[in-house]
Amino acid sequence: MGFISRFAINRLVNSTDPRPRPFSFWSEKPPTPNNSPISDYTSWNSLTDREWSGRHLPPASDEFLGQLPFAELVADTRRNQDGTFPADVVDQVTTLHKRSDAIVTDRSTVLFSFFAQWFTDSFLRFDSADRRKNTSNHEIDLCQLYGLTDETSRILRTMADGKLLTREVNGEDYLPLLFDAQHQPIGDFNNLPYINKIDFFLAKFPVDRRDHYYATGLDRGNTTIGYTAISTVFLREHNRLCGELKERNGWTDDERLFQTARNILIVLLLKVVVEDYISHIAGLSIFRVEPGFAEKQKWYRTNWMAAEFDLLYRWHPLVPDEFTLDGTAHGHMDYRFNNLLLEQHGVAAVLSAASSQAAGKIGLHNTPDFLLPAEYEAIKMSRDFKLRSFNEYRRRFGLRKVRSFKKLTKDENLQDELESLYGDIDKMDFLTGLFAEQSSGKGLFGDLMTTMVACDAFSQALTNPLLSKYIFNENTFTRYGMEVIEATSSFEDIARRNVAGELSTSFSI
């Protein structure tokens, strides 16, 4: 199995050139309200400054951008006072994405949808003040729990026995509350870096949602009850590991307990991502985390998240209009930013329900209405930053050009719609093609999305320093840590160690 895994990973990652990439979103020009200029040549900054988001291909020509449908997107400045776009603008541009009747997948669950968002929010992080830049550490580092900096992690720690702060509800540990009864940040939580964003997140929700708003590592940590349920599982596992490490090793050093538990937990996440999550996407159970393997490959380079990776991960079609919990259907305004619902039903019930309900199918015409503004932003960003055509990205990743819309999808209505909109498949947007392409084999997605997800995921997960052959040993993780790592290959493994109550027998991502 090890040889098959290594062969498959190398084939996918070597489908394109390894990092460093010659272009990023770097520019010597400051941003303006309507334009964020990017450079079309290689500079030292574009090769080294990871504050700027990376990119796989150089900018498209103005000629290509000018003939795209809705070419005026790059100059569109119509916004409401709250920063959103008028409904007529969103509707016009997102016609291809709008959901009429939800199309569900035959093998992905809502838990997969929740996990995908929870996982990618930690490293695909555009800077809202200047979208050419990012706020990412470019690592899979569990900043969902620990924050992006040591300052944040210390705010979220007990500073005793290595553990993170918790709050007990019905005999189980949950993340701590962020606000007091007067909706003011509790203690040092006022210094969390995202504290000023919360009014924006909760603008459309009842004010009492603040009563159960959690202090988390990241700004989007309260997005859905599925998101906070997953964070709760990892929080409990961190504290469980601290207890085991203290008892088995006789340690009393808070910092060592914290750092060792974090190291173990990050590797557990890496195993879940490769052996559970990516295997599900590919429809193949062949991938394994093999410490030391990546160091021998030409693609073993410094991580740098690319804009195309962020945009292709806008898997809005996965998101359900309703989430059914204990027989009751909850609309998106109920299952978002509503941790009281999580506490009332418990983590086991939420995860079991999520693993029993089908997710939406990735594709066009399947985005919920409430996410159409986000879809608009993704399309506009791809135009603003001059992404090239779908077929050019296929060539970049070692795939043959798609010759016609009939070869792209079996949906005859969609074929006609795309033909009418673009005329020529070589003139089709990167994003449109990604979501229009028919899935092949056992995979969830079309060939380009599958290849790009695998290439970026493997090349940026397996380069984690904790997987180095010089680091991956008992000195780093302890004997017990190594045993836990060996025994873990799925999110279910971690959940069953930390969830009271019965999980669904079909429990899976």
# chains A, B, ... in the order shown; residues from 1 in each chain; ligands from 1

call {"tool": "closest_atom_pairs", "arguments": {"of": "region 164-200 of chain A", "to": "region 133-147 of chain A", "cutoff": "12 Å", "atoms": "only C-alpha atoms", "output": "JSON lines"}}
result
{"residue": "A:Leu164", "atom": "CA", "partner": "A:Leu145", "partner_atom": "CA", "distance": 8.7}
{"residue": "A:Leu165", "atom": "CA", "partner": "A:Leu145", "partner_atom": "CA", "distance": 10.4}
{"residue": "A:Thr166", "atom": "CA", "partner": "A:Leu145", "partner_atom": "CA", "distance": 11.6}
{"residue": "A:Leu175", "atom": "CA", "partner": "A:Leu145", "partner_atom": "CA", "distance": 9.4}
{"residue": "A:Pro176", "atom": "CA", "partner": "A:Leu145", "partner_atom": "CA", "distance": 11.6}
{"residue": "A:Leu192", "atom": "CA", "partner": "A:Gly147", "partner_atom": "CA", "distance": 9.0}
{"residue": "A:Pro193", "atom": "CA", "partner": "A:Gly147", "partner_atom": "CA", "distance": 9.2}
{"residue": "A:Tyr194", "atom": "CA", "partner": "A:Gly147", "partner_atom": "CA", "distance": 10.3}

call {"tool": "write_last_selection", "arguments": {"atoms": "N, CA and C atoms", "output": "mmCIF file, in the first residue's frame"}}
result
data_model
loop_
_atom_site.group_PDB
_atom_site.id
_atom_site.type_symbol
_atom_site.label_atom_id
_atom_site.label_comp_id
_atom_site.auth_asym_id
_atom_site.auth_seq_id
_atom_site.Cartn_x
_atom_site.Cartn_y
_atom_site.Cartn_z
ATOM 1 N N LEU A 164 -6.407 23.864 27.126
ATOM 2 C CA LEU A 164 -7.149 24.995 26.589
ATOM 3 C C LEU A 164 -8.367 25.269 27.461
ATOM 4 N N LEU A 165 -8.820 26.510 27.433
ATOM 5 C CA LEU A 165 -9.995 26.901 28.203
ATOM 6 C C LEU A 165 -11.238 26.169 27.701
ATOM 7 N N THR A 166 -12.088 25.773 28.623
ATOM 8 C CA THR A 166 -13.333 25.101 28.277
ATOM 9 C C THR A 166 -14.465 25.633 29.149
ATOM 10 N N LEU A 175 -16.270 24.893 23.987
ATOM 11 C CA LEU A 175 -15.413 26.065 23.938
ATOM 12 C C LEU A 175 -15.952 27.125 24.888
ATOM 13 N N PRO A 176 -15.087 27.994 25.408
ATOM 14 C CA PRO A 176 -15.548 29.020 26.355
ATOM 15 C C PRO A 176 -16.382 30.097 25.671
ATOM 16 N N LEU A 192 -8.563 39.350 21.470
ATOM 17 C CA LEU A 192 -8.553 38.454 20.315
ATOM 18 C C LEU A 192 -8.576 39.292 19.042
ATOM 19 N N PRO A 193 -7.797 38.937 18.033
ATOM 20 C CA PRO A 193 -7.602 39.821 16.882
ATOM 21 C C PRO A 193 -8.845 40.062 16.036
ATOM 22 N N TYR A 194 -9.856 39.194 16.166
ATOM 23 C CA TYR A 194 -11.046 39.328 15.332
ATOM 24 C C TYR A 194 -12.210 39.979 16.075
#

call {"tool": "residues_around", "arguments": {"residues": "region 431-448 of chain A", "least_positions_apart": "4", "cutoff": "6 Å", "atoms": "only C-alpha atoms", "output": "list in words"}}
result
Ile281, Ala282, Gly283, Gly363, Leu364, Phe390, Leu408 and Thr409 of chain A

call {"tool": "atom_distance", "arguments": {"atom1": "CA of Ala353 (chain A)", "atom2": "CA of Thr505 (chain A)"}}
result
11.1 Å

call {"tool": "select_by_dssp", "arguments": {"residues": "region 342-452 of chain A", "states": "alpha helix (DSSP H)", "output": "ChimeraX atom specification"}}
result
/A:342-345,347-356,372-384,390-396,405-408,412-422,430-436,447-452

call {"tool": "select_by_dssp", "arguments": {"residues": "region 238-388 of chain A", "states": "strand (DSSP E or B)", "output": "PyMOL selection string"}}
result
chain A and resi 306+322-325+328-331+336+358-360+367

call {"tool": "write_last_selection", "arguments": {"atoms": "N, CA, C and O atoms", "output": "PDB file, in the first residue's frame"}}
result
ATOM      1  N   ALA A 306      -2.163  29.446  -2.961  1.00  0.00           N
ATOM      2  CA  ALA A 306      -2.435  30.126  -4.224  1.00  0.00           C
ATOM      3  C   ALA A 306      -3.886  30.579  -4.297  1.00  0.00           C
ATOM      4  O   ALA A 306      -4.784  29.935  -3.756  1.00  0.00           O
ATOM      5  N   GLU A 322     -31.399  23.369   4.456  1.00  0.00           N
ATOM      6  CA  GLU A 322     -31.876  23.005   5.784  1.00  0.00           C
ATOM      7  C   GLU A 322     -31.013  21.889   6.355  1.00  0.00           C
ATOM      8  O   GLU A 322     -30.518  21.041   5.613  1.00  0.00           O
ATOM      9  N   PHE A 323     -30.837  21.918   7.662  1.00  0.00           N
ATOM     10  CA  PHE A 323     -30.113  20.866   8.356  1.00  0.00           C
ATOM     11  C   PHE A 323     -31.086  20.203   9.328  1.00  0.00           C
ATOM     12  O   PHE A 323     -31.624  20.861  10.222  1.00  0.00           O
ATOM     13  N   THR A 324     -31.335  18.917   9.129  1.00  0.00           N
ATOM     14  CA  THR A 324     -32.310  18.199   9.937  1.00  0.00           C
ATOM     15  C   THR A 324     -31.637  17.594  11.157  1.00  0.00           C
ATOM     16  O   THR A 324     -30.687  16.824  11.046  1.00  0.00           O
ATOM     17  N   LEU A 325     -32.176  17.958  12.329  1.00  0.00           N
ATOM     18  CA  LEU A 325     -31.587  17.537  13.601  1.00  0.00           C
ATOM     19  C   LEU A 325     -32.691  17.007  14.509  1.00  0.00           C
ATOM     20  O   LEU A 325     -33.653  17.731  14.819  1.00  0.00           O
ATOM     21  N   THR A 328     -36.213  17.623  13.210  1.00  0.00           N
ATOM     22  CA  THR A 328     -36.627  19.000  12.923  1.00  0.00           C
ATOM     23  C   THR A 328     -35.694  19.630  11.898  1.00  0.00           C
ATOM     24  O   THR A 328     -34.474  19.567  12.051  1.00  0.00           O
ATOM     25  N   ALA A 329     -36.260  20.218  10.866  1.00  0.00           N
ATOM     26  CA  ALA A 329     -35.468  20.879   9.830  1.00  0.00           C
ATOM     27  C   ALA A 329     -35.153  22.312  10.256  1.00  0.00           C
ATOM     28  O   ALA A 329     -36.068  23.090  10.568  1.00  0.00           O
ATOM     29  N   HIS A 330     -33.889  22.653  10.276  1.00  0.00           N
ATOM     30  CA  HIS A 330     -33.443  23.992  10.656  1.00  0.00           C
ATOM     31  C   HIS A 330     -32.889  24.713   9.428  1.00  0.00           C
ATOM     32  O   HIS A 330     -31.964  24.208   8.767  1.00  0.00           O
ATOM     33  N   GLY A 331     -33.454  25.868   9.118  1.00  0.00           N
ATOM     34  CA  GLY A 331     -32.950  26.667   8.012  1.00  0.00           C
ATOM     35  C   GLY A 331     -31.589  27.251   8.321  1.00  0.00           C
ATOM     36  O   GLY A 331     -31.100  27.184   9.456  1.00  0.00           O
ATOM     37  N   ARG A 336     -26.689  28.405  11.610  1.00  0.00           N
ATOM     38  CA  ARG A 336     -25.507  29.270  11.546  1.00  0.00           C
ATOM     39  C   ARG A 336     -25.462  30.175  12.786  1.00  0.00           C
ATOM     40  O   ARG A 336     -26.484  30.694  13.217  1.00  0.00           O
ATOM     41  N   ALA A 358     -27.417  13.890   3.252  1.00  0.00           N
ATOM     42  CA  ALA A 358     -26.640  14.093   2.025  1.00  0.00           C
ATOM     43  C   ALA A 358     -26.311  15.568   1.827  1.00  0.00           C
ATOM     44  O   ALA A 358     -27.151  16.447   2.057  1.00  0.00           O
ATOM     45  N   ALA A 359     -25.091  15.825   1.408  1.00  0.00           N
ATOM     46  CA  ALA A 359     -24.678  17.186   1.058  1.00  0.00           C
ATOM     47  C   ALA A 359     -25.142  17.511  -0.351  1.00  0.00           C
ATOM     48  O   ALA A 359     -25.522  16.630  -1.133  1.00  0.00           O
ATOM     49  N   GLY A 360     -25.104  18.790  -0.694  1.00  0.00           N
ATOM     50  CA  GLY A 360     -25.391  19.181  -2.055  1.00  0.00           C
ATOM     51  C   GLY A 360     -24.289  18.710  -2.991  1.00  0.00           C
ATOM     52  O   GLY A 360     -23.166  18.458  -2.578  1.00  0.00           O
ATOM     53  N   THR A 367     -26.233  26.540  -5.875  1.00  0.00           N
ATOM     54  CA  THR A 367     -25.793  27.355  -4.740  1.00  0.00           C
ATOM     55  C   THR A 367     -27.007  27.944  -4.023  1.00  0.00           C
ATOM     56  O   THR A 367     -27.879  28.528  -4.666  1.00  0.00           O
TER      57      THR A 367
END

call {"tool": "atom_distance", "arguments": {"atom1": "CA of Asp150 (chain A)", "atom2": "CA of Ser468 (chain A)"}}
result
22.6 Å

call {"tool": "closest_atom_pairs", "arguments": {"of": "region 411-430 of chain A", "to": "region 88-98 of chain A", "cutoff": "12 Å", "atoms": "only C-alpha atoms", "output": "JSON lines"}}
result
{"residue": "A:Asn413", "atom": "CA", "partner": "A:Leu96", "partner_atom": "CA", "distance": 11.6}
{"residue": "A:Leu414", "atom": "CA", "partner": "A:Leu96", "partner_atom": "CA", "distance": 9.0}
{"residue": "A:Gln415", "atom": "CA", "partner": "A:Leu96", "partner_atom": "CA", "distance": 11.8}
{"residue": "A:Glu417", "atom": "CA", "partner": "A:Leu96", "partner_atom": "CA", "distance": 8.6}
{"residue": "A:Leu418", "atom": "CA", "partner": "A:Leu96", "partner_atom": "CA", "distance": 9.0}
{"residue": "A:Leu421", "atom": "CA", "partner": "A:Leu96", "partner_atom": "CA", "distance": 10.0}

call {"tool": "write_last_selection", "arguments": {"atoms": "all heavy atoms", "output": "PDB file, in the first residue's frame"}}
result
ATOM      1  N   ASN A 413     -28.955  20.715 -21.270  1.00  0.00           N
ATOM      2  CA  ASN A 413     -29.399  22.091 -21.020  1.00  0.00           C
ATOM      3  C   ASN A 413     -28.220  22.984 -20.647  1.00  0.00           C
ATOM      4  O   ASN A 413     -28.131  24.139 -21.083  1.00  0.00           O
ATOM      5  CB  ASN A 413     -30.444  22.121 -19.907  1.00  0.00           C
ATOM      6  CG  ASN A 413     -31.751  21.494 -20.309  1.00  0.00           C
ATOM      7  OD1 ASN A 413     -32.131  21.518 -21.492  1.00  0.00           O
ATOM      8  ND2 ASN A 413     -32.469  20.915 -19.359  1.00  0.00           N
ATOM      9  N   LEU A 414     -27.300  22.442 -19.842  1.00  0.00           N
ATOM     10  CA  LEU A 414     -26.126  23.210 -19.454  1.00  0.00           C
ATOM     11  C   LEU A 414     -25.196  23.416 -20.645  1.00  0.00           C
ATOM     12  O   LEU A 414     -24.605  24.487 -20.795  1.00  0.00           O
ATOM     13  CB  LEU A 414     -25.386  22.508 -18.314  1.00  0.00           C
ATOM     14  CG  LEU A 414     -24.205  23.254 -17.697  1.00  0.00           C
ATOM     15  CD1 LEU A 414     -24.622  24.632 -17.204  1.00  0.00           C
ATOM     16  CD2 LEU A 414     -23.599  22.443 -16.546  1.00  0.00           C
ATOM     17  N   GLN A 415     -25.074  22.408 -21.492  1.00  0.00           N
ATOM     18  CA  GLN A 415     -24.283  22.562 -22.717  1.00  0.00           C
ATOM     19  C   GLN A 415     -24.779  23.759 -23.525  1.00  0.00           C
ATOM     20  O   GLN A 415     -23.984  24.613 -23.954  1.00  0.00           O
ATOM     21  CB  GLN A 415     -24.389  21.300 -23.571  1.00  0.00           C
ATOM     22  CG  GLN A 415     -23.736  20.070 -23.011  1.00  0.00           C
ATOM     23  CD  GLN A 415     -24.079  18.820 -23.822  1.00  0.00           C
ATOM     24  OE1 GLN A 415     -24.638  18.915 -24.924  1.00  0.00           O
ATOM     25  NE2 GLN A 415     -23.764  17.661 -23.270  1.00  0.00           N
ATOM     26  N   GLU A 417     -26.637  26.272 -22.517  1.00  0.00           N
ATOM     27  CA  GLU A 417     -26.491  27.517 -21.766  1.00  0.00           C
ATOM     28  C   GLU A 417     -25.070  28.061 -21.863  1.00  0.00           C
ATOM     29  O   GLU A 417     -24.853  29.260 -22.083  1.00  0.00           O
ATOM     30  CB  GLU A 417     -26.875  27.269 -20.308  1.00  0.00           C
ATOM     31  CG  GLU A 417     -27.015  28.519 -19.476  1.00  0.00           C
ATOM     32  CD  GLU A 417     -27.556  28.228 -18.087  1.00  0.00           C
ATOM     33  OE1 GLU A 417     -27.693  27.043 -17.718  1.00  0.00           O
ATOM     34  OE2 GLU A 417     -27.838  29.201 -17.358  1.00  0.00           O
ATOM     35  N   LEU A 418     -24.082  27.175 -21.708  1.00  0.00           N
ATOM     36  CA  LEU A 418     -22.685  27.600 -21.789  1.00  0.00           C
ATOM     37  C   LEU A 418     -22.307  28.004 -23.203  1.00  0.00           C
ATOM     38  O   LEU A 418     -21.551  28.964 -23.413  1.00  0.00           O
ATOM     39  CB  LEU A 418     -21.776  26.475 -21.290  1.00  0.00           C
ATOM     40  CG  LEU A 418     -21.896  26.129 -19.801  1.00  0.00           C
ATOM     41  CD1 LEU A 418     -21.086  24.887 -19.467  1.00  0.00           C
ATOM     42  CD2 LEU A 418     -21.447  27.297 -18.934  1.00  0.00           C
ATOM     43  N   LEU A 421     -23.598  31.429 -23.742  1.00  0.00           N
ATOM     44  CA  LEU A 421     -22.922  32.436 -22.934  1.00  0.00           C
ATOM     45  C   LEU A 421     -21.502  32.723 -23.418  1.00  0.00           C
ATOM     46  O   LEU A 421     -21.068  33.878 -23.462  1.00  0.00           O
ATOM     47  CB  LEU A 421     -22.889  31.967 -21.469  1.00  0.00           C
ATOM     48  CG  LEU A 421     -22.602  32.981 -20.382  1.00  0.00           C
ATOM     49  CD1 LEU A 421     -23.626  34.112 -20.407  1.00  0.00           C
ATOM     50  CD2 LEU A 421     -22.619  32.311 -19.016  1.00  0.00           C
TER      51      LEU A 421
END

call {"tool": "closest_residue", "arguments": {"among": "A:Ala349, A:Ile9, A:Met381, A:Leu148", "to": "Ser504 (chain A)", "atoms": "only C-alpha atoms"}}
result
A:Ala349

call {"tool": "atom_distance", "arguments": {"atom1": "CA of Leu387 (chain A)", "atom2": "CA of Ala60 (chain A)"}}
result
5.7 Å

call {"tool": "closest_residue", "arguments": {"among": "A:Tyr277, A:Phe337, A:Tyr213, A:Trp315", "to": "Ile225 (chain A)", "atoms": "only C-alpha atoms"}}
result
A:Phe337

call {"tool": "closest_residue", "arguments": {"among": "A:Gln357, A:Asn170, A:Ile4, A:Leu235", "to": "Ile286 (chain A)", "atoms": "only C-alpha atoms"}}
result
A:Ile4

call {"tool": "decode", "arguments": {"residues": "region 161-172 of chain A", "atoms": "all heavy atoms", "output": "PDB file, in the first residue's frame"}}
result
ATOM      1  N   ASP A 161      -1.254  22.828  33.108  1.00  0.00           N
ATOM      2  CA  ASP A 161      -1.342  21.454  32.597  1.00  0.00           C
ATOM      3  C   ASP A 161      -1.477  21.389  31.081  1.00  0.00           C
ATOM      4  O   ASP A 161      -1.939  20.383  30.539  1.00  0.00           O
ATOM      5  CB  ASP A 161      -2.517  20.708  33.233  1.00  0.00           C
ATOM      6  CG  ASP A 161      -2.334  20.527  34.742  1.00  0.00           C
ATOM      7  OD1 ASP A 161      -1.167  20.493  35.192  1.00  0.00           O
ATOM      8  OD2 ASP A 161      -3.346  20.437  35.455  1.00  0.00           O
ATOM      9  N   GLY A 162      -1.100  22.455  30.386  1.00  0.00           N
ATOM     10  CA  GLY A 162      -1.092  22.455  28.931  1.00  0.00           C
ATOM     11  C   GLY A 162      -2.447  22.611  28.282  1.00  0.00           C
ATOM     12  O   GLY A 162      -2.553  22.590  27.055  1.00  0.00           O
ATOM     13  N   LYS A 163      -3.495  22.779  29.068  1.00  0.00           N
ATOM     14  CA  LYS A 163      -4.845  22.683  28.522  1.00  0.00           C
ATOM     15  C   LYS A 163      -5.383  24.001  27.972  1.00  0.00           C
ATOM     16  O   LYS A 163      -4.916  25.085  28.300  1.00  0.00           O
ATOM     17  CB  LYS A 163      -5.795  22.129  29.593  1.00  0.00           C
ATOM     18  CG  LYS A 163      -5.484  20.685  29.968  1.00  0.00           C
ATOM     19  CD  LYS A 163      -6.506  20.126  30.939  1.00  0.00           C
ATOM     20  CE  LYS A 163      -6.223  18.641  31.220  1.00  0.00           C
ATOM     21  NZ  LYS A 163      -7.237  18.056  32.136  1.00  0.00           N
ATOM     22  N   LEU A 164      -6.407  23.864  27.126  1.00  0.00           N
ATOM     23  CA  LEU A 164      -7.149  24.995  26.589  1.00  0.00           C
ATOM     24  C   LEU A 164      -8.367  25.269  27.461  1.00  0.00           C
ATOM     25  O   LEU A 164      -8.888  24.375  28.140  1.00  0.00           O
ATOM     26  CB  LEU A 164      -7.602  24.686  25.156  1.00  0.00           C
ATOM     27  CG  LEU A 164      -6.483  24.519  24.132  1.00  0.00           C
ATOM     28  CD1 LEU A 164      -7.029  23.924  22.832  1.00  0.00           C
ATOM     29  CD2 LEU A 164      -5.790  25.849  23.841  1.00  0.00           C
ATOM     30  N   LEU A 165      -8.820  26.510  27.433  1.00  0.00           N
ATOM     31  CA  LEU A 165      -9.995  26.901  28.203  1.00  0.00           C
ATOM     32  C   LEU A 165     -11.238  26.169  27.701  1.00  0.00           C
ATOM     33  O   LEU A 165     -11.417  25.975  26.493  1.00  0.00           O
ATOM     34  CB  LEU A 165     -10.215  28.405  28.083  1.00  0.00           C
ATOM     35  CG  LEU A 165      -9.181  29.300  28.772  1.00  0.00           C
ATOM     36  CD1 LEU A 165      -9.337  30.743  28.296  1.00  0.00           C
ATOM     37  CD2 LEU A 165      -9.318  29.222  30.288  1.00  0.00           C
ATOM     38  N   THR A 166     -12.088  25.773  28.623  1.00  0.00           N
ATOM     39  CA  THR A 166     -13.333  25.101  28.277  1.00  0.00           C
ATOM     40  C   THR A 166     -14.465  25.633  29.149  1.00  0.00           C
ATOM     41  O   THR A 166     -14.237  26.386  30.104  1.00  0.00           O
ATOM     42  CB  THR A 166     -13.245  23.578  28.498  1.00  0.00           C
ATOM     43  OG1 THR A 166     -12.958  23.317  29.881  1.00  0.00           O
ATOM     44  CG2 THR A 166     -12.174  22.953  27.629  1.00  0.00           C
ATOM     45  N   ARG A 167     -15.659  25.194  28.814  1.00  0.00           N
ATOM     46  CA  ARG A 167     -16.854  25.521  29.605  1.00  0.00           C
ATOM     47  C   ARG A 167     -17.709  24.271  29.645  1.00  0.00           C
ATOM     48  O   ARG A 167     -17.972  23.654  28.610  1.00  0.00           O
ATOM     49  CB  ARG A 167     -17.601  26.665  28.934  1.00  0.00           C
ATOM     50  CG  ARG A 167     -18.987  26.939  29.455  1.00  0.00           C
ATOM     51  CD  ARG A 167     -19.532  28.209  28.795  1.00  0.00           C
ATOM     52  NE  ARG A 167     -20.970  28.323  28.933  1.00  0.00           N
ATOM     53  CZ  ARG A 167     -21.836  27.899  28.035  1.00  0.00           C
ATOM     54  NH1 ARG A 167     -21.402  27.322  26.920  1.00  0.00           N
ATOM     55  NH2 ARG A 167     -23.135  28.044  28.221  1.00  0.00           N
ATOM     56  N   GLU A 168     -18.154  23.879  30.816  1.00  0.00           N
ATOM     57  CA  GLU A 168     -18.920  22.638  30.953  1.00  0.00           C
ATOM     58  C   GLU A 168     -20.411  22.881  30.757  1.00  0.00           C
ATOM     59  O   GLU A 168     -20.990  23.802  31.335  1.00  0.00           O
ATOM     60  CB  GLU A 168     -18.679  22.009  32.328  1.00  0.00           C
ATOM     61  CG  GLU A 168     -19.310  20.629  32.465  1.00  0.00           C
ATOM     62  CD  GLU A 168     -18.969  19.946  33.773  1.00  0.00           C
ATOM     63  OE1 GLU A 168     -17.749  19.852  34.086  1.00  0.00           O
ATOM     64  OE2 GLU A 168     -19.910  19.546  34.492  1.00  0.00           O
ATOM     65  N   VAL A 169     -21.021  22.062  29.902  1.00  0.00           N
ATOM     66  CA  VAL A 169     -22.461  22.104  29.652  1.00  0.00           C
ATOM     67  C   VAL A 169     -22.969  20.671  29.671  1.00  0.00           C
ATOM     68  O   VAL A 169     -22.483  19.828  28.902  1.00  0.00           O
ATOM     69  CB  VAL A 169     -22.794  22.758  28.292  1.00  0.00           C
ATOM     70  CG1 VAL A 169     -24.308  22.776  28.073  1.00  0.00           C
ATOM     71  CG2 VAL A 169     -22.221  24.161  28.213  1.00  0.00           C
ATOM     72  N   ASN A 170     -23.927  20.373  30.548  1.00  0.00           N
ATOM     73  CA  ASN A 170     -24.498  19.026  30.638  1.00  0.00           C
ATOM     74  C   ASN A 170     -23.417  17.953  30.793  1.00  0.00           C
ATOM     75  O   ASN A 170     -23.493  16.877  30.201  1.00  0.00           O
ATOM     76  CB  ASN A 170     -25.358  18.716  29.407  1.00  0.00           C
ATOM     77  CG  ASN A 170     -26.547  19.652  29.273  1.00  0.00           C
ATOM     78  OD1 ASN A 170     -27.143  20.056  30.279  1.00  0.00           O
ATOM     79  ND2 ASN A 170     -26.896  20.012  28.049  1.00  0.00           N
ATOM     80  N   GLY A 171     -22.397  18.277  31.586  1.00  0.00           N
ATOM     81  CA  GLY A 171     -21.355  17.316  31.882  1.00  0.00           C
ATOM     82  C   GLY A 171     -20.309  17.146  30.800  1.00  0.00           C
ATOM     83  O   GLY A 171     -19.426  16.294  30.915  1.00  0.00           O
ATOM     84  N   GLU A 172     -20.362  17.973  29.749  1.00  0.00           N
ATOM     85  CA  GLU A 172     -19.394  17.868  28.653  1.00  0.00           C
ATOM     86  C   GLU A 172     -18.693  19.210  28.449  1.00  0.00           C
ATOM     87  O   GLU A 172     -19.263  20.274  28.733  1.00  0.00           O
ATOM     88  CB  GLU A 172     -20.079  17.452  27.351  1.00  0.00           C
ATOM     89  CG  GLU A 172     -20.672  16.066  27.358  1.00  0.00           C
ATOM     90  CD  GLU A 172     -21.139  15.674  25.975  1.00  0.00           C
ATOM     91  OE1 GLU A 172     -22.302  15.962  25.639  1.00  0.00           O
ATOM     92  OE2 GLU A 172     -20.344  15.087  25.216  1.00  0.00           O
TER      93      GLU A 172
END
